[in-house]
Structure formats: structure tokens, C-alpha cells
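One file, start_28.tsv, is given below (TSV, C-alpha atoms and all ligand atoms).
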chain	number	residue	atom	x	y	z
A	13	MET	CA	-15.68	17.95	-20.22
A	14	THR	CA	-12.18	17.75	-18.70
A	15	ARG	CA	-10.05	14.78	-19.55
A	16	LEU	CA	-6.97	13.10	-18.13
A	17	ARG	CA	-4.51	11.00	-20.09
A	18	LEU	CA	-3.66	7.89	-18.09
A	19	ALA	CA	-1.32	4.95	-18.49
A	20	THR	CA	-2.88	1.52	-18.85
A	21	VAL	CA	-2.31	-1.86	-17.23
A	22	ARG	CA	-3.69	-3.38	-20.42
A	23	PRO	CA	-5.33	-1.73	-23.43
A	24	GLU	CA	-8.23	0.56	-22.40
A	25	GLU	CA	-7.80	-0.19	-18.67
A	26	PRO	CA	-6.39	2.80	-16.76
A	27	GLU	CA	-3.63	2.19	-14.24
A	28	ILE	CA	-5.55	3.09	-11.08
A	29	PHE	CA	-4.84	0.70	-8.25
A	30	HIS	CA	-4.57	0.32	-4.49
A	31	SER	CA	-1.20	-0.59	-3.01
A	32	LEU	CA	1.42	0.43	-0.46
A	33	GLN	CA	3.53	3.44	-1.32
A	34	GLY	CA	6.84	1.87	-2.27
A	35	GLU	CA	9.19	4.86	-2.09
A	36	GLY	CA	9.95	8.02	-0.23
A	37	ILE	CA	8.73	9.63	2.93
A	38	SER	CA	5.34	7.83	2.79
A	39	LEU	CA	6.85	4.38	2.20
A	40	GLY	CA	4.45	1.69	3.38
A	41	ARG	CA	1.35	3.89	3.41
A	42	PRO	CA	-1.76	2.38	1.77
A	43	SER	CA	-2.64	4.59	-1.21
A	44	VAL	CA	-4.63	4.75	-4.41
A	45	PHE	CA	-2.21	5.21	-7.29
A	46	VAL	CA	-3.25	7.02	-10.44
A	47	ARG	CA	-0.61	6.76	-13.15
A	48	LEU	CA	-0.71	9.47	-15.80
A	49	SER	CA	0.66	9.07	-19.28
A	50	GLY	CA	3.21	11.40	-20.87
A	51	CYS	CA	6.58	12.73	-19.73
A	52	ASN	CA	8.77	15.70	-20.70
A	53	LEU	CA	11.99	13.78	-19.93
A	54	ALA	CA	13.45	10.56	-21.33
A	55	CYS	CA	15.45	8.75	-18.65
A	56	GLN	CA	17.37	5.85	-20.08
A	57	TRP	CA	16.65	3.68	-17.01
A	58	CYS	CA	13.02	4.77	-16.57
A	59	ASP	CA	10.96	1.95	-15.05
A	60	THR	CA	7.71	3.19	-16.62
A	61	PRO	CA	8.74	3.71	-20.27
A	62	TYR	CA	5.26	2.64	-21.35
A	63	THR	CA	4.06	6.08	-20.17
A	64	TRP	CA	6.14	7.99	-22.75
A	65	TYR	CA	8.45	5.84	-24.92
A	66	PHE	CA	5.98	5.47	-27.72
A	67	SER	CA	6.74	4.28	-31.24
A	68	GLY	CA	8.62	7.02	-33.10
A	69	HIS	CA	10.17	8.58	-29.94
A	70	ASN	CA	13.70	9.86	-30.57
A	71	GLY	CA	15.11	9.10	-27.12
A	72	LEU	CA	17.15	6.10	-26.10
A	73	HIS	CA	15.84	3.80	-23.43
A	74	ARG	CA	18.02	0.94	-22.30
A	75	GLY	CA	15.13	-1.51	-22.64
A	76	GLY	CA	15.28	-0.91	-26.38
A	77	GLN	CA	11.55	-1.49	-26.77
A	78	THR	CA	9.04	1.21	-27.75
A	79	TYR	CA	5.35	1.07	-26.88
A	80	ASP	CA	2.20	1.48	-28.90
A	81	ARG	CA	0.51	4.68	-27.74
A	82	ARG	CA	-3.05	3.43	-28.21
A	83	GLU	CA	-2.41	0.29	-26.18
A	84	ASN	CA	-0.56	2.05	-23.37
A	85	ALA	CA	-2.58	5.23	-22.84
A	86	VAL	CA	-6.25	6.00	-22.37
A	87	THR	CA	-8.06	9.32	-22.04
A	88	LEU	CA	-10.92	9.53	-19.52
A	89	ASP	CA	-13.19	12.25	-18.25
A	90	VAL	CA	-12.25	13.36	-14.73
A	91	THR	CA	-15.69	12.34	-13.43
A	92	ASP	CA	-14.94	8.79	-14.54
A	93	VAL	CA	-11.50	8.91	-12.86
A	94	ALA	CA	-13.07	10.26	-9.63
A	95	ARG	CA	-15.62	7.41	-9.65
A	96	ARG	CA	-12.85	4.83	-10.02
A	97	ILE	CA	-10.83	6.38	-7.18
A	98	ALA	CA	-13.88	6.56	-4.89
A	99	ALA	CA	-14.42	2.82	-5.37
A	100	PHE	CA	-11.43	2.22	-3.07
A	101	ASP	CA	-11.86	2.62	0.67
A	102	CYS	CA	-8.77	4.83	0.90
A	103	ARG	CA	-8.39	8.60	1.15
A	104	HIS	CA	-4.70	8.81	0.27
A	105	ILE	CA	-3.98	9.36	-3.42
A	106	VAL	CA	-0.66	9.30	-5.26
A	107	PHE	CA	-0.62	10.88	-8.70
A	108	THR	CA	2.35	9.44	-10.51
A	109	GLY	CA	3.53	8.98	-14.08
A	110	GLY	CA	5.10	9.81	-16.40
A	111	GLU	CA	5.04	13.44	-15.31
A	112	PRO	CA	1.69	14.27	-13.68
A	113	LEU	CA	2.34	18.01	-13.43
A	114	LEU	CA	1.97	18.27	-17.22
A	115	GLN	CA	-1.79	17.83	-16.65
A	116	GLN	CA	-2.47	20.22	-13.76
A	117	PRO	CA	-5.74	21.79	-14.98
A	118	ALA	CA	-7.35	18.35	-15.27
A	119	LEU	CA	-5.87	17.25	-11.92
A	120	ALA	CA	-7.32	20.37	-10.28
A	121	ALA	CA	-10.74	19.58	-11.76
A	122	LEU	CA	-10.44	15.99	-10.49
A	123	CYS	CA	-9.51	17.17	-6.98
A	124	ASP	CA	-12.47	19.56	-6.99
A	125	ILE	CA	-14.76	16.58	-7.60
A	126	LEU	CA	-13.08	14.42	-4.96
A	127	GLY	CA	-13.39	17.11	-2.29
A	128	PRO	CA	-11.22	18.01	0.70
A	129	ASP	CA	-11.15	14.61	2.44
A	130	TYR	CA	-8.39	13.25	0.21
A	131	HIS	CA	-4.68	13.57	0.92
A	132	ILE	CA	-2.98	14.32	-2.39
A	133	GLU	CA	0.60	13.20	-3.01
A	134	ILE	CA	2.39	14.00	-6.26
A	135	GLU	CA	5.38	12.22	-7.80
A	136	SER	CA	7.20	14.50	-10.21
A	137	ASN	CA	10.58	14.99	-11.84
A	138	GLY	CA	10.70	18.55	-10.51
A	139	THR	CA	10.88	20.31	-13.88
A	140	VAL	CA	7.34	21.74	-13.82
A	141	ALA	CA	6.26	24.33	-11.24
A	142	LEU	CA	2.87	24.07	-9.56
A	143	THR	CA	0.17	26.24	-11.11
A	144	PRO	CA	-1.90	28.54	-8.87
A	145	GLY	CA	-4.99	26.51	-9.72
A	146	PHE	CA	-3.57	23.15	-8.66
A	147	ALA	CA	-1.14	24.11	-5.87
A	148	PRO	CA	-3.80	24.42	-3.11
A	149	HIS	CA	-4.90	20.81	-3.71
A	150	VAL	CA	-1.45	19.34	-3.08
A	151	ASP	CA	-0.47	17.98	0.34
A	152	GLN	CA	2.89	16.41	-0.50
A	153	LEU	CA	5.38	16.59	-3.37
A	154	ASN	CA	7.78	13.72	-3.97
A	155	LEU	CA	10.21	15.30	-6.40
A	156	SER	CA	12.88	13.33	-8.17
A	157	PRO	CA	15.26	15.71	-9.99
A	158	LYS	CA	17.29	13.70	-12.45
A	159	LEU	CA	21.07	13.34	-12.38
A	160	ARG	CA	23.41	13.08	-15.38
A	161	HIS	CA	23.12	9.30	-15.54
A	162	SER	CA	19.48	9.68	-16.56
A	163	GLY	CA	20.75	10.63	-20.04
A	164	ASN	CA	18.69	13.85	-20.22
A	165	GLU	CA	20.30	17.14	-21.22
A	166	ASP	CA	21.00	19.47	-18.28
A	167	ARG	CA	18.61	22.16	-19.51
A	168	ALA	CA	15.80	19.61	-19.73
A	169	ARG	CA	16.30	17.89	-16.38
A	170	LEU	CA	16.94	20.97	-14.21
A	171	ASN	CA	14.46	23.85	-14.12
A	172	ASP	CA	16.18	26.43	-11.91
A	173	SER	CA	13.13	28.52	-11.07
A	174	ALA	CA	10.92	25.50	-10.35
A	175	LEU	CA	13.53	23.85	-8.13
A	176	ARG	CA	14.08	27.03	-6.11
A	177	LEU	CA	10.33	27.34	-5.56
A	178	PHE	CA	10.11	23.70	-4.51
A	179	ALA	CA	13.09	24.07	-2.15
A	180	ALA	CA	11.17	26.77	-0.27
A	181	ASP	CA	7.98	24.69	-0.15
A	182	PRO	CA	7.72	22.56	3.04
A	183	ARG	CA	5.49	20.08	1.17
A	184	ALA	CA	8.39	19.09	-1.10
A	185	TRP	CA	10.79	16.18	-0.61
A	186	PHE	CA	13.72	15.50	-2.93
A	187	LYS	CA	14.37	11.90	-3.87
A	188	PHE	CA	17.48	11.23	-5.93
A	189	VAL	CA	17.92	8.01	-7.87
A	190	ILE	CA	21.48	6.76	-7.32
A	191	ALA	CA	23.22	4.19	-9.49
A	192	ALA	CA	26.83	4.56	-8.31
A	193	PRO	CA	28.54	6.06	-5.22
A	194	GLU	CA	29.97	8.96	-7.24
A	195	ASP	CA	26.41	10.17	-8.01
A	196	ALA	CA	26.29	11.54	-4.45
A	197	GLU	CA	28.68	14.35	-5.42
A	198	GLU	CA	26.08	15.62	-7.89
A	199	VAL	CA	23.48	15.63	-5.11
A	200	VAL	CA	25.85	17.72	-2.97
A	201	GLN	CA	26.17	20.23	-5.83
A	202	LEU	CA	22.44	20.40	-6.51
A	203	ALA	CA	21.61	20.76	-2.81
A	204	SER	CA	23.95	23.74	-2.64
A	205	ARG	CA	22.78	25.31	-5.93
A	206	TYR	CA	19.07	25.13	-5.07
A	207	ALA	CA	19.26	25.38	-1.25
A	208	LEU	CA	17.63	21.98	-0.76
A	209	PRO	CA	17.27	21.24	2.98
A	210	ALA	CA	19.32	18.15	3.90
A	211	ASP	CA	16.45	16.84	6.03
A	212	ARG	CA	14.22	16.70	2.94
A	213	ILE	CA	16.72	14.85	0.73
A	214	LEU	CA	16.36	11.10	0.20
A	215	LEU	CA	18.59	8.80	-1.80
A	216	MET	CA	17.11	5.75	-3.47
A	217	PRO	CA	18.98	2.95	-5.25
A	218	GLU	CA	18.36	2.70	-8.97
A	219	GLY	CA	17.23	-0.78	-9.88
A	220	THR	CA	14.25	-2.86	-10.95
A	221	SER	CA	15.20	-6.13	-9.23
A	222	ALA	CA	15.43	-6.94	-5.54
A	223	SER	CA	18.98	-8.26	-5.93
A	224	VAL	CA	20.27	-5.02	-7.50
A	225	LEU	CA	18.50	-2.92	-4.85
A	226	ARG	CA	20.03	-5.01	-2.08
A	227	GLU	CA	23.50	-4.79	-3.58
A	228	ARG	CA	23.30	-0.99	-3.86
A	229	SER	CA	21.58	-0.39	-0.52
A	230	GLY	CA	24.69	-1.16	1.55
A	231	TRP	CA	26.91	1.59	0.22
A	232	LEU	CA	23.95	3.93	-0.29
A	233	ALA	CA	22.86	3.70	3.34
A	234	ALA	CA	26.39	4.59	4.41
A	235	LEU	CA	26.38	7.62	2.09
A	236	CYS	CA	23.06	8.82	3.53
A	237	GLN	CA	24.41	8.47	7.03
A	238	SER	CA	27.55	10.46	6.30
A	239	HIS	CA	25.69	13.32	4.55
A	240	GLY	CA	22.68	13.56	6.89
A	241	TRP	CA	20.24	12.49	4.15
A	242	ARG	CA	17.47	9.91	4.33
A	243	PHE	CA	17.48	6.52	2.65
A	244	THR	CA	14.52	5.06	0.83
A	245	ASP	CA	14.10	1.60	-0.58
A	246	ARG	CA	11.72	0.51	-3.36
A	247	LEU	CA	9.28	-1.65	-1.43
A	248	HIS	CA	7.05	-2.48	-4.43
A	249	ILE	CA	10.00	-4.07	-6.25
A	250	HIS	CA	10.71	-6.35	-3.28
A	251	LEU	CA	7.02	-7.26	-2.97
A	252	HIS	CA	5.92	-7.51	-6.59
A	253	GLY	CA	8.93	-7.20	-8.90
A	254	ASP	CA	8.91	-4.79	-11.84
A	255	THR	CA	5.23	-5.06	-12.77
A	256	ARG	CA	2.42	-2.69	-13.73
A	257	GLY	CA	-0.42	-1.87	-11.37
A	258	THR	CA	1.52	-2.63	-8.17
B	301	LIG	S1	11.04	11.61	-15.39
B	301	LIG	FE1	10.23	9.73	-14.47
B	301	LIG	S2	8.64	9.00	-15.89
B	301	LIG	FE2	9.84	10.56	-16.97
B	301	LIG	S3	11.36	9.36	-18.10
B	301	LIG	FE3	12.30	9.96	-16.15
B	301	LIG	S4	11.92	8.26	-14.71
B	301	LIG	FE4	10.52	8.02	-16.49

Take the structure in the file and write it out as C-alpha cells.
Ligand code: SF4
Amino acid sequence: MTRLRLATVRPEEPEIFHSLQGEGISLGRPSVFVRLSGCNLACQWCDTPYTWYFSGHNGLHRGGQTYDRRENAVTLDVTDVARRIAAFDCRHIVFTGGEPLLQQPALAALCDILGPDYHIEIESNGTVALTPGFAPHVDQLNLSPKLRHSGNEDRARLNDSALRLFAADPRAWFKFVIAAPEDAEEVVQLASRYALPADRILLMPEGTSASVLRERSGWLAALCQSHGWRFTDRLHIHLHGDTRGT
């Protein structure tokens, strides 16, 4: 029996849903989202703190609220997860979190059950390298290395060896969350340090309301243009607001 730890939309109900990809290079693409619980980082502006900011956590999240682990996580056998995914008429899957790459053996077992017809997209913070057992299942990596404003220590948020491997992997895209114009200088430094191809770098405004995203998009678009990077919005926030299961 191989089990996955998933986030919930409400107690006992795993966060598996069909929607449009809201961010990154696949923005707008209909996808089945599978949100995993647990993260190895603690970003102060994280928009899914219910996947990791459980009661007793030492980190600081700006929301100030911690979450009950039993109400916000559920563990299911991968056969059950595969059955729930197959119920949607959609062959594009996004594994998101939390940090999905913390559960690669179970994800590999799940992909084995699903078979080769599914396109597998991963959203990750870029701190965990792919394992040999899971890597062949992955079609696309949406990596979001964290900048200083995330509040994580440097040694936690930047895994040199993993980022160098990802930089050389044509499946990997690098999406940086930007809160202020000066954050772009950090992206310049990281791109140089890890040899990230400019064509696979995207900047995305930090924000969980449409008004904040709009305000930041103006100067962010100009920054992307001047550096030769791509811009990505957060479509799901415009469509649904900051809600679970969307
Ligand atoms: S890495 Fe992602 S899921 Fe983890 S705390 Fe940061 S924003 Fe949240």
C-alpha cells in the first residue's frame, strides 16, 4: 500500500479539482490539480499555508493563523487518488502543494497506475532534486525558487546542486514571485549563479487579490521586457479570488 498526503478543501476531502492552470507557461490550460500537503519551506506570504503551517509550527506567516493538521490534510492510497483523477475527462495533471517533490516515491507509484497518457506538470520550490524513479514520469517542471522576501534562510531556499540540475533540464521553467521592483536584482544574480536560461525565466507578481496583482503588473511587465524574461499573471486569483479548490 502506497499512500499520498494531500491537502483538503474541507476535513477528509482531498484537494483534487479541475480548473484552468492559473500561472506559468501553461497558463489557461485545463488541468486536474492535485494538492499535496507538507512543505520544507515557510514563506511568510505563502498562499497555501494550510498545507504546512500547522499548529505548533515555529515559522512566521503573515496571516498569523495556524491550521489544524487533521482538518487540513488527509492520507490516501495512490489507487484511490488515481480513481479520483480518472473521474475527470482531462489528461493534464498538475501536482502542486506544499512541496510535491517531498513525496516522489508515492507520486511515481501513482503515475505508474495512471499510465502514459497523462501529461504530468509539477509545481515545486526547486529545493528538491528529482529522483531517478520519478524523473521519467515528469513532462514539465514549474519551479519557483524563493527570494529573500520569502523569509526563508538562504541555505533552506536555495539548493545549489538541485538548481544546477534543473537549469540543465529543458523541462524546467523558473517562476519568481516578485513583490517589489528591487527583487529583480536578486533574479539577475540567481540566473547568473545557476545558469538559468533567460527564455525559461518568468516573473509573477506576489499578491492574493486582483487589485494588488493589477497594481504590480504594470512595473513588473516593464521589468520582464527590459530583461528578456516572461511575465505571468495569476489567473485563478482574477477568476476566483484566494480560495481553495480553484
Ligand atoms: S514553498 Fe510554496 S508551499 Fe512552501 S511555504 Fe513557500 S509558497 Fe508555500

ask   = Counting all atoms listed in the file, what is within 9 Å of Cys51 in chain A, bar same-chain residues fewer than 2 positions away, as a PyMOL selection string?
value = chain A and resi 48-49+53-54+63-65+109-112+114

Check which residues of range 30-138 of chain A sit at most 12 Å from range 241-254 of chain A using only C-alpha atoms, and return one row each with the closest pair of atoms and their distance in Å to one decimal, ordered by chain and rising number, as CSV.
residue,atom,partner,partner_atom,distance
A:His30,CA,A:His248,CA,12.0
A:Ser31,CA,A:His248,CA,8.6
A:Leu32,CA,A:His248,CA,7.5
A:Gln33,CA,A:His248,CA,7.6
A:Gly34,CA,A:Leu247,CA,4.4
A:Glu35,CA,A:Arg246,CA,5.2
A:Gly36,CA,A:Thr244,CA,5.5
A:Ile37,CA,A:Thr244,CA,7.7
A:Ser38,CA,A:Thr244,CA,9.8
A:Leu39,CA,A:Leu247,CA,7.4
A:Gly40,CA,A:Leu247,CA,7.6
A:Arg41,CA,A:Leu247,CA,10.8
A:Pro42,CA,A:His248,CA,11.8
A:Cys58,CA,A:Asp254,CA,11.4
A:Asp59,CA,A:Asp254,CA,7.7
A:Thr60,CA,A:Asp254,CA,9.4
A:Pro61,CA,A:Asp254,CA,12.0

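Checking A:Ile213, A:Ile190, A:Leu155, A:Val199 one by one against Leu232 in chain A, counting only C-alpha atoms, you find the shortest gap at A:Ile190.
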
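If you measure from each of A:Cys55, A:Gly219, A:Gly257, A:Glu25 to Pro157 in chain A using only C-alpha atoms, the closest one turns out to be A:Cys55.
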
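Across the model, the gap from CA of Ala19 in chain A to CA of Phe66 in chain A is 11.8 Å.
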
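Nearest to Val189 in chain A of all the residues A:Leu177, A:Gln116, A:Arg17, A:Trp57 is A:Trp57, based on all atoms listed in the file.
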
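Relative to CA of Thr255 in chain A, CA of Thr78 in chain A is found at 16.7 Å.
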
Per-axis box centre and lengths in Å around range 59-62 of chain A, 4 Å margin per side, axis-aligned, as AutoDock Vina command-line options:
--center_x 8.1 --center_y 2.8 --center_z -18.2 --size_x 13.7 --size_y 9.8 --size_z 14.3

inquiry  = Measuring between all atoms listed in the file, which one of A:Ala203, A:Leu208, A:Leu225, A:Ala98 shows the shortest distance to Ala191 in chain A?
reply    = A:Leu225

query = Quick one: of A:Val46, A:Leu113, A:Val106, A:Leu88, who's nearest to Ile132 in chain A, counting only C-alpha atoms?
reply = A:Val106

query = Which one is closest to Leu202 in chain A: A:Leu159, A:Ala234, A:Met216, A:Cys102? Count all atoms listed in the file.
reply = A:Leu159

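Between CA of Arg96 in chain A and CA of Gln152 in chain A there is a distance of 21.7 Å.
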
task = Would you be able to write out as a ChimeraX atom specification which residues have an atom within 8 Å of (-1.5, 15.9, 0.9) in the file's coordinates, counting all atoms listed in the file?
result = /A:104,130-133,149-152

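Summary of the local environment: counting only C-alpha atoms, residues at most 12 Å from Pro148 in chain A, other than itself and those fewer than 5 positions away along its chain, are A:Gln116, A:Leu119, A:Ala120, A:Cys123, A:Asp124, A:Pro128, A:His131, A:Ile132, A:Leu142, A:Thr143, A:Arg183.
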
I need the residues from that last selection saved to file as a PDB file, in the frame of the given file (with C-alpha atoms), if you can.
ATOM      1  CA  GLN A 116      -2.470  20.220 -13.760  1.00  0.00           C
ATOM      2  CA  LEU A 119      -5.870  17.250 -11.920  1.00  0.00           C
ATOM      3  CA  ALA A 120      -7.320  20.370 -10.280  1.00  0.00           C
ATOM      4  CA  CYS A 123      -9.510  17.170  -6.980  1.00  0.00           C
ATOM      5  CA  ASP A 124     -12.470  19.560  -6.990  1.00  0.00           C
ATOM      6  CA  PRO A 128     -11.220  18.010   0.700  1.00  0.00           C
ATOM      7  CA  HIS A 131      -4.680  13.570   0.920  1.00  0.00           C
ATOM      8  CA  ILE A 132      -2.980  14.320  -2.390  1.00  0.00           C
ATOM      9  CA  LEU A 142       2.870  24.070  -9.560  1.00  0.00           C
ATOM     10  CA  THR A 143       0.170  26.240 -11.110  1.00  0.00           C
ATOM     11  CA  ARG A 183       5.490  20.080   1.170  1.00  0.00           C
TER      12      ARG A 183
END

Just want the 7 Å neighbourhood of Arg212 in chain A, counted on all atoms listed in the file, with same-chain residues fewer than 2 positions away dropped. Output as a PDB file with C-alpha atoms, in the coordinates of the input.
ATOM      1  CA  TRP A 185      10.790  16.180  -0.610  1.00  0.00           C
ATOM      2  CA  PHE A 186      13.720  15.500  -2.930  1.00  0.00           C
ATOM      3  CA  PRO A 209      17.270  21.240   2.980  1.00  0.00           C
ATOM      4  CA  ALA A 210      19.320  18.150   3.900  1.00  0.00           C
ATOM      5  CA  LEU A 214      16.360  11.100   0.200  1.00  0.00           C
TER       6      LEU A 214
END
